[in-house]
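Text of the file my_file-v1.tsv, holding TSV, C-alpha atoms and all ligand atoms:
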```
chain	number	residue	atom	x	y	z
A	251	MET	CA	-29.68	-44.81	7.12
A	252	ARG	CA	-31.46	-42.11	5.15
A	253	ALA	CA	-31.48	-39.80	8.19
A	254	ASN	CA	-27.71	-40.36	8.62
A	255	TYR	CA	-27.19	-39.61	4.96
A	256	ILE	CA	-29.21	-36.38	5.18
A	257	LEU	CA	-27.32	-35.46	8.36
A	258	HIS	CA	-24.04	-36.11	6.55
A	259	ILE	CA	-25.07	-33.93	3.57
A	260	SER	CA	-26.30	-31.13	5.79
A	261	SER	CA	-23.14	-31.17	7.94
A	262	THR	CA	-21.02	-31.13	4.75
A	263	LEU	CA	-23.06	-28.22	3.43
A	264	CYS	CA	-22.66	-26.44	6.77
A	265	GLY	CA	-18.89	-27.06	6.57
A	266	VAL	CA	-18.73	-25.67	3.04
A	267	PHE	CA	-20.84	-22.68	4.06
A	268	PHE	CA	-18.74	-21.88	7.13
A	269	SER	CA	-15.46	-22.38	5.31
A	270	TRP	CA	-16.76	-20.02	2.60
A	271	LEU	CA	-17.87	-17.58	5.30
A	272	THR	CA	-14.43	-17.77	6.94
A	273	LYS	CA	-12.70	-17.10	3.62
A	274	CYS	CA	-15.00	-14.12	2.95
A	275	TRP	CA	-14.31	-12.81	6.45
A	276	LEU	CA	-10.55	-13.20	5.96
A	277	VAL	CA	-10.56	-11.43	2.58
A	278	TRP	CA	-12.79	-8.70	4.01
A	279	ASN	CA	-10.50	-8.35	7.04
A	280	CYS	CA	-7.45	-8.04	4.73
A	281	ARG	CA	-9.21	-5.33	2.73
A	282	ILE	CA	-10.26	-3.40	5.84
A	283	CYS	CA	-6.79	-3.66	7.43
A	284	LEU	CA	-5.05	-2.52	4.28
A	285	ARG	CA	-7.52	0.23	3.55
A	286	VAL	CA	-7.53	1.62	7.04
A	287	GLU	CA	-4.03	0.96	8.43
A	288	GLY	CA	-2.25	1.15	5.06
A	289	THR	CA	-3.94	4.40	4.11
A	290	VAL	CA	-3.16	5.93	7.50
A	291	ALA	CA	0.53	5.03	7.07
A	292	LEU	CA	0.59	6.44	3.54
A	293	GLU	CA	-1.10	9.68	4.63
A	294	TRP	CA	1.37	10.18	7.47
A	295	ALA	CA	4.34	9.48	5.19
A	296	LEU	CA	3.06	12.14	2.76
A	297	ALA	CA	2.35	14.58	5.59
A	298	GLU	CA	5.93	14.24	6.89
A	299	ILE	CA	7.34	14.65	3.39
A	300	ILE	CA	5.28	17.80	2.83
A	301	HIS	CA	6.51	19.07	6.17
A	302	ASN	CA	10.15	18.35	5.22
A	303	PRO	CA	10.68	19.10	1.50
A	304	GLU	CA	14.35	18.07	1.69
A	305	ILE	CA	13.21	14.50	2.45
A	306	MET	CA	11.01	14.55	-0.66
A	307	ASN	CA	13.89	15.89	-2.80
A	308	ARG	CA	16.23	13.14	-1.60
A	309	ALA	CA	13.61	10.45	-2.24
A	310	GLN	CA	12.90	11.82	-5.72
A	311	GLU	CA	16.62	11.97	-6.53
A	312	GLU	CA	16.97	8.33	-5.46
A	313	LEU	CA	14.00	7.33	-7.64
A	314	ASP	CA	15.39	9.24	-10.63
A	315	LYS	CA	18.77	7.55	-10.19
A	316	VAL	CA	17.44	4.01	-9.75
A	317	VAL	CA	14.32	4.02	-11.94
A	318	GLY	CA	15.07	6.87	-14.36
A	319	THR	CA	12.50	9.28	-15.72
A	320	ASN	CA	11.09	7.22	-18.58
A	321	ARG	CA	9.10	4.62	-16.68
A	322	GLN	CA	6.98	4.13	-13.59
A	323	VAL	CA	8.57	2.64	-10.45
A	324	HIS	CA	7.94	-1.12	-10.18
A	325	GLU	CA	7.90	-3.42	-7.16
A	326	SER	CA	11.13	-5.04	-8.40
A	327	ASP	CA	12.84	-1.63	-7.86
A	328	LEU	CA	11.96	-1.50	-4.15
A	329	PRO	CA	15.06	-3.38	-2.85
A	330	ASN	CA	17.23	-0.74	-4.57
A	331	LEU	CA	15.56	2.21	-2.83
A	332	PRO	CA	17.16	2.31	0.67
A	333	TYR	CA	16.20	5.92	1.39
A	334	LEU	CA	12.53	5.18	0.63
A	335	HIS	CA	12.73	2.32	3.16
A	336	THR	CA	14.03	4.70	5.82
A	337	ILE	CA	11.10	7.07	5.20
A	338	ILE	CA	8.64	4.18	5.64
A	339	LYS	CA	10.38	3.00	8.83
A	340	GLU	CA	10.37	6.53	10.24
A	341	THR	CA	6.67	6.86	9.41
A	342	PHE	CA	5.79	3.57	11.15
A	343	CYS	CA	7.95	4.65	14.09
A	344	LEU	CA	6.51	8.13	14.53
A	345	HIS	CA	2.93	7.33	13.54
A	346	PRO	CA	2.16	3.63	14.10
A	347	PRO	CA	-1.34	3.14	12.58
A	348	GLY	CA	-2.31	0.84	15.47
A	349	ALA	CA	-1.34	2.64	18.68
A	350	LEU	CA	-1.99	-0.45	20.85
A	351	THR	CA	-1.53	-4.16	20.19
A	352	LEU	CA	-4.52	-6.46	20.47
A	353	GLY	CA	-5.17	-7.90	23.92
A	354	HIS	CA	-2.65	-10.55	25.04
A	355	LEU	CA	-3.23	-12.81	28.07
A	356	ASN	CA	-0.18	-13.79	30.12
A	357	VAL	CA	-0.53	-17.45	31.14
A	358	LYS	CA	1.41	-17.09	34.41
A	359	ASP	CA	2.29	-14.35	36.92
A	360	VAL	CA	4.96	-12.00	35.59
A	361	GLN	CA	7.17	-9.44	37.32
A	362	LEU	CA	8.09	-6.68	34.86
A	363	LEU	CA	10.37	-4.06	36.43
A	364	HIS	CA	8.29	-2.89	39.41
A	365	TYR	CA	4.96	-4.10	37.98
A	366	LYS	CA	3.47	-7.40	39.06
A	367	ILE	CA	1.12	-8.69	36.36
A	368	PRO	CA	-1.07	-11.57	37.61
A	369	ALA	CA	-1.85	-14.49	35.31
A	370	ASN	CA	-4.75	-14.03	32.85
A	371	THR	CA	-4.42	-10.25	32.71
A	372	ASN	CA	-5.51	-8.68	29.43
A	373	VAL	CA	-2.34	-6.80	28.43
A	374	LEU	CA	-2.35	-4.13	25.72
A	375	VAL	CA	1.12	-2.96	24.69
A	376	ASN	CA	1.39	0.77	23.95
A	377	ILE	CA	3.33	0.67	20.67
A	378	TRP	CA	2.91	4.41	20.16
A	379	ALA	CA	4.64	5.25	23.46
A	380	ILE	CA	7.48	2.74	22.87
A	381	ASN	CA	8.15	4.14	19.39
A	382	ARG	CA	8.45	7.66	20.86
A	383	ASP	CA	10.46	6.76	23.96
A	384	PRO	CA	13.28	9.34	24.40
A	385	LYS	CA	15.34	6.61	26.13
A	386	ALA	CA	15.25	4.58	22.91
A	387	TRP	CA	15.43	7.30	20.25
A	388	LYS	CA	17.29	10.59	19.88
A	389	LYS	CA	14.83	13.42	19.11
A	390	PRO	CA	11.90	10.95	19.00
A	391	LEU	CA	9.31	13.52	17.91
A	392	GLU	CA	11.24	14.67	14.83
A	393	SER	CA	11.02	12.97	11.47
A	394	ILE	CA	14.61	11.86	10.79
A	395	PRO	CA	14.65	8.96	8.27
A	396	ASP	CA	18.47	8.95	8.39
A	397	ARG	CA	18.33	7.25	11.80
A	398	PHE	CA	17.50	4.04	9.88
A	399	LEU	CA	20.33	4.34	7.32
A	400	ASN	CA	23.21	1.84	7.58
A	401	ASN	CA	21.74	-0.27	10.38
A	402	ASN	CA	19.64	-3.42	10.64
A	403	ILE	CA	16.70	-2.00	12.60
A	404	SER	CA	13.68	-3.74	11.11
A	405	LEU	CA	9.90	-3.54	11.39
A	406	LEU	CA	9.61	-7.29	11.97
A	407	GLY	CA	9.27	-7.04	15.74
A	408	SER	CA	12.82	-8.09	16.67
A	409	ASN	CA	13.79	-4.54	17.72
A	410	TYR	CA	11.72	-3.94	20.82
A	411	ASN	CA	11.84	-0.15	20.49
A	412	LEU	CA	10.09	-0.26	17.09
A	413	LEU	CA	6.94	-2.42	17.09
A	414	PRO	CA	4.37	-1.06	14.61
A	415	PHE	CA	3.22	-4.61	13.74
A	416	GLY	CA	3.59	-6.10	17.22
A	417	SER	CA	6.04	-8.89	17.96
A	418	GLY	CA	6.20	-12.65	18.45
A	419	ARG	CA	3.67	-15.24	17.39
A	420	ARG	CA	0.73	-12.84	17.55
A	421	ARG	CA	2.36	-10.12	15.46
A	422	CYS	CA	0.46	-8.86	12.42
A	423	PRO	CA	0.20	-11.62	9.77
A	424	GLY	CA	-0.48	-9.00	7.06
A	425	MET	CA	2.81	-7.22	7.76
A	426	ASP	CA	4.67	-8.08	4.54
A	427	PHE	CA	1.63	-7.41	2.39
A	428	ALA	CA	0.96	-4.06	4.12
A	429	GLN	CA	4.58	-2.89	3.96
A	430	HIS	CA	4.78	-3.81	0.30
A	431	MET	CA	1.64	-1.85	-0.58
A	432	VAL	CA	2.74	1.22	1.41
A	433	HIS	CA	6.20	1.13	-0.24
A	434	CYS	CA	4.73	0.82	-3.75
A	435	GLY	CA	2.11	3.50	-3.07
A	436	LEU	CA	4.54	6.02	-1.63
A	437	ALA	CA	7.16	5.41	-4.34
A	438	THR	CA	4.55	5.98	-7.06
A	439	LEU	CA	3.16	9.13	-5.41
A	440	ILE	CA	6.60	10.69	-4.91
A	441	GLN	CA	7.82	9.75	-8.38
A	442	THR	CA	4.75	11.08	-10.14
A	443	PHE	CA	4.02	14.27	-8.21
A	444	ASP	CA	5.75	17.11	-6.39
A	445	TRP	CA	3.89	17.59	-3.11
A	446	SER	CA	3.54	20.88	-1.31
A	447	PRO	CA	1.25	22.48	1.27
A	448	GLN	CA	-1.57	24.74	0.18
A	449	LEU	CA	-0.43	27.92	-1.58
A	450	GLY	CA	0.83	30.45	0.94
A	451	VAL	CA	1.62	27.83	3.63
A	452	LYS	CA	5.34	27.08	4.09
A	453	GLY	CA	6.55	23.49	4.59
A	454	HIS	CA	7.57	24.02	8.20
A	455	GLU	CA	4.20	25.68	8.97
A	456	TYR	CA	2.34	22.65	7.69
A	457	ASP	CA	0.49	21.03	10.61
A	458	GLY	CA	0.12	17.53	9.18
A	459	GLY	CA	-3.61	17.66	8.36
A	460	LEU	CA	-3.96	16.47	4.77
A	461	HIS	CA	-7.58	17.39	4.25
A	462	ARG	CA	-7.93	20.00	1.46
A	463	ARG	CA	-4.56	21.50	2.31
A	464	ILE	CA	-2.12	19.91	-0.14
A	465	CYS	CA	-1.26	20.51	-3.78
A	466	CYS	CA	0.43	18.11	-6.15
A	467	LYS	CA	2.02	19.05	-9.46
A	468	SER	CA	2.73	16.31	-12.00
B	501	LIG	C1	0.01	-0.72	7.78
B	501	LIG	C2	-0.74	-1.76	7.94
B	501	LIG	C3	-0.91	-2.58	9.22
B	501	LIG	C4	-0.49	-2.33	10.51
B	501	LIG	C5	0.32	-1.14	11.03
B	501	LIG	C6	-0.93	-3.45	11.32
B	501	LIG	C7	-0.67	-3.58	12.68
B	501	LIG	C8	-1.12	-4.63	13.44
B	501	LIG	C9	-0.88	-4.76	14.86
B	501	LIG	C10	-0.12	-3.79	15.73
B	501	LIG	C11	-1.47	-5.91	15.27
B	501	LIG	C12	-1.51	-6.45	16.71
B	501	LIG	C13	-0.31	-7.36	16.92
B	501	LIG	C14	-0.22	-7.79	18.36
B	501	LIG	O1	-1.22	-7.75	19.07
B	501	LIG	O2	0.88	-8.19	18.80
B	501	LIG	C15	-2.10	-6.52	14.11
B	501	LIG	C16	-2.80	-7.70	14.13
B	501	LIG	C17	-3.38	-8.25	13.03
B	501	LIG	N1	-3.30	-7.81	11.73
B	501	LIG	FE1	-2.40	-6.12	11.11
B	501	LIG	N2	-1.60	-4.34	10.52
B	501	LIG	C18	-1.61	-3.84	9.23
B	501	LIG	C19	-2.17	-4.43	8.12
B	501	LIG	C20	-2.76	-5.66	8.10
B	501	LIG	C21	-3.22	-6.34	6.92
B	501	LIG	C22	-3.08	-5.80	5.48
B	501	LIG	C23	-3.77	-7.51	7.33
B	501	LIG	C24	-4.40	-8.61	6.52
B	501	LIG	C25	-3.94	-8.97	5.34
B	501	LIG	C26	-3.67	-7.58	8.78
B	501	LIG	C27	-4.15	-8.60	9.55
B	501	LIG	C28	-4.02	-8.67	10.92
B	501	LIG	C29	-4.59	-9.73	11.75
B	501	LIG	C30	-5.46	-10.92	11.25
B	501	LIG	C31	-4.19	-9.48	13.07
B	501	LIG	C32	-4.54	-10.29	14.33
B	501	LIG	C33	-3.42	-11.30	14.61
B	501	LIG	C34	-3.72	-12.13	15.85
B	501	LIG	O3	-4.75	-11.93	16.49
B	501	LIG	O4	-2.91	-13.03	16.18
B	501	LIG	N3	-3.05	-6.44	9.21
B	501	LIG	N4	-1.86	-5.72	13.01
```

Kindly transcribe the structure held in the file into structure tokens.
Ligand code: HEM
Amino acid sequence: MRANYILHISSTLCGVFFSWLTKCWLVWNCRICLRVEGTVALEWALAEIIHNPEIMNRAQEELDKVVGTNRQVHESDLPNLPYLHTIIKETFCLHPPGALTLGHLNVKDVQLLHYKIPANTNVLVNIWAINRDPKAWKKPLESIPDRFLNNNISLLGSNYNLLPFGSGRRRCPGMDFAQHMVHCGLATLIQTFDWSPQLGVKGHEYDGGLHRRICCKS
């Protein structure tokens, strides 16, 4: 009886410990994903804006019109900033932070065009290549946020030529959180600062490397 009781307590304690461990792991995973993937997306968005000052001017004009110049942009403003959304979509399209999806196993044999993929193959989808496919996008290597204006192309995984967060049941569960943070971050950075390449470097000469090569003026 006593042994059962002790066993019960120890298994409960183990359960509590492992559930705590799982929660810690999840929170840690969220932090890592956001810090790594989110920061990469934000850096690329800034790099493209520095490379194309007219995109920054349009985004700043939109922010001035919607938010004004007397207060900081707030998350409740985001739905009213369509041009900012197009910049984010273009960034995720041109520079998806995760170039490949995680491994997916197909449960049965599949024939995909002229490829035969046997069951239980570990399939990694090349998101990066799909997002830059010239059959899917006009001028795929140029940053053109306008391609996302006035259409319903979304980042949710329903448009198979734009899959920065994967698609289907295994798509990224942190997608909404990540998008929200990147939107807020970029809006704040563009509203607060004018961004330019290092003195003497023209926008179109800027090669995308952010390290020690940008200036911001408040
Ligand atoms: C810009 C930020 C992010 C990008 C671009 C991104 C992208 C991705 C991609 C491409 C996948 C693989 C999907 C697939 O295999 O079909 C994935 C999986 C995953 N992501 Fe993210 N992610 C981001 C941020 C986050 C954040 C903030 C979290 C946590 C809060 C997160 C949690 C996860 C998890 C747990 C998986 C694995 C899902 C599974 O195995 O079913 N991600 N992410």

Legend entry - ligand LIG 501 (chain B) neighbours within 10 Å using only C-alpha atoms and all ligand atoms, as an MDAnalysis selection string: chainID A and resid 276:292 342 345:354 373:378 405 407 413:432

Inset, instruction - Measuring atom to atom with only C-alpha atoms, identify which of A:Lys366, A:Ser404, A:Ile338, A:Ala379 is nearest to Ile299 of chain A. - result: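 Closest to Ile299 of chain A, using only C-alpha atoms: A:Ile338.
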
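One finds atom CA of Tyr333 of chain A at 17.2 Å from atom CA of Asp444 of chain A.
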
Legend entry - Between atom CA of Ile300 of chain A and atom CA of Ser393 of chain A - distance in Å to one decimal: 11.4 Å

Inset, instruction - For atom CA of Leu399 of chain A and atom CA of Thr336 of chain A, determine how far apart the two atoms are, in Å to one decimal place. - result: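 Separating atom CA of Leu399 of chain A from atom CA of Thr336 of chain A is a distance of 6.5 Å.
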
Inset, instruction - For Phe398 of chain A, work out the shell of residues within 9 Å, counting all atoms listed in the file and skipping chain neighbours fewer than 4 positions away, then give it as a PyMOL selection string. - result: chain A and resi 333+335-337+339-340+394+402-404

Legend entry - Which residue of A:Ile380, A:Asn372, A:Val323, A:Thr438 approaches Asn409 of chain A most closely, using all atoms listed in the file: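 Of the candidates, the smallest distance to Asn409 of chain A is held by A:Ile380.
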
Inset, instruction - Name all residues at most 12 Å from Thr442 of chain A (count all atoms listed in the file; drop same-chain ones fewer than 3 positions away) and give them as a list in words. - result: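 Counting all atoms listed in the file, the residues come to Met306, Ala309, Gln310, Leu313, Asp314, Gly318, Thr319, Asn320, Arg321, Gln322, Val323, Gly435, Leu436, Ala437, Thr438, Leu439, Trp445, Cys466, Lys467 and Ser468 of chain A.
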
Legend entry - Which residue of A:Leu391, A:His433, A:Asn411, A:Leu362 approaches Asn330 of chain A most closely, using only C-alpha atoms: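 Smallest separation from Asn330 of chain A among the options: A:His433.
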
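Proximity of A:Asn401, A:Cys343, A:Leu355, A:Glu325 to Ala386 of chain A, computed with only C-alpha atoms, is greatest for A:Cys343.
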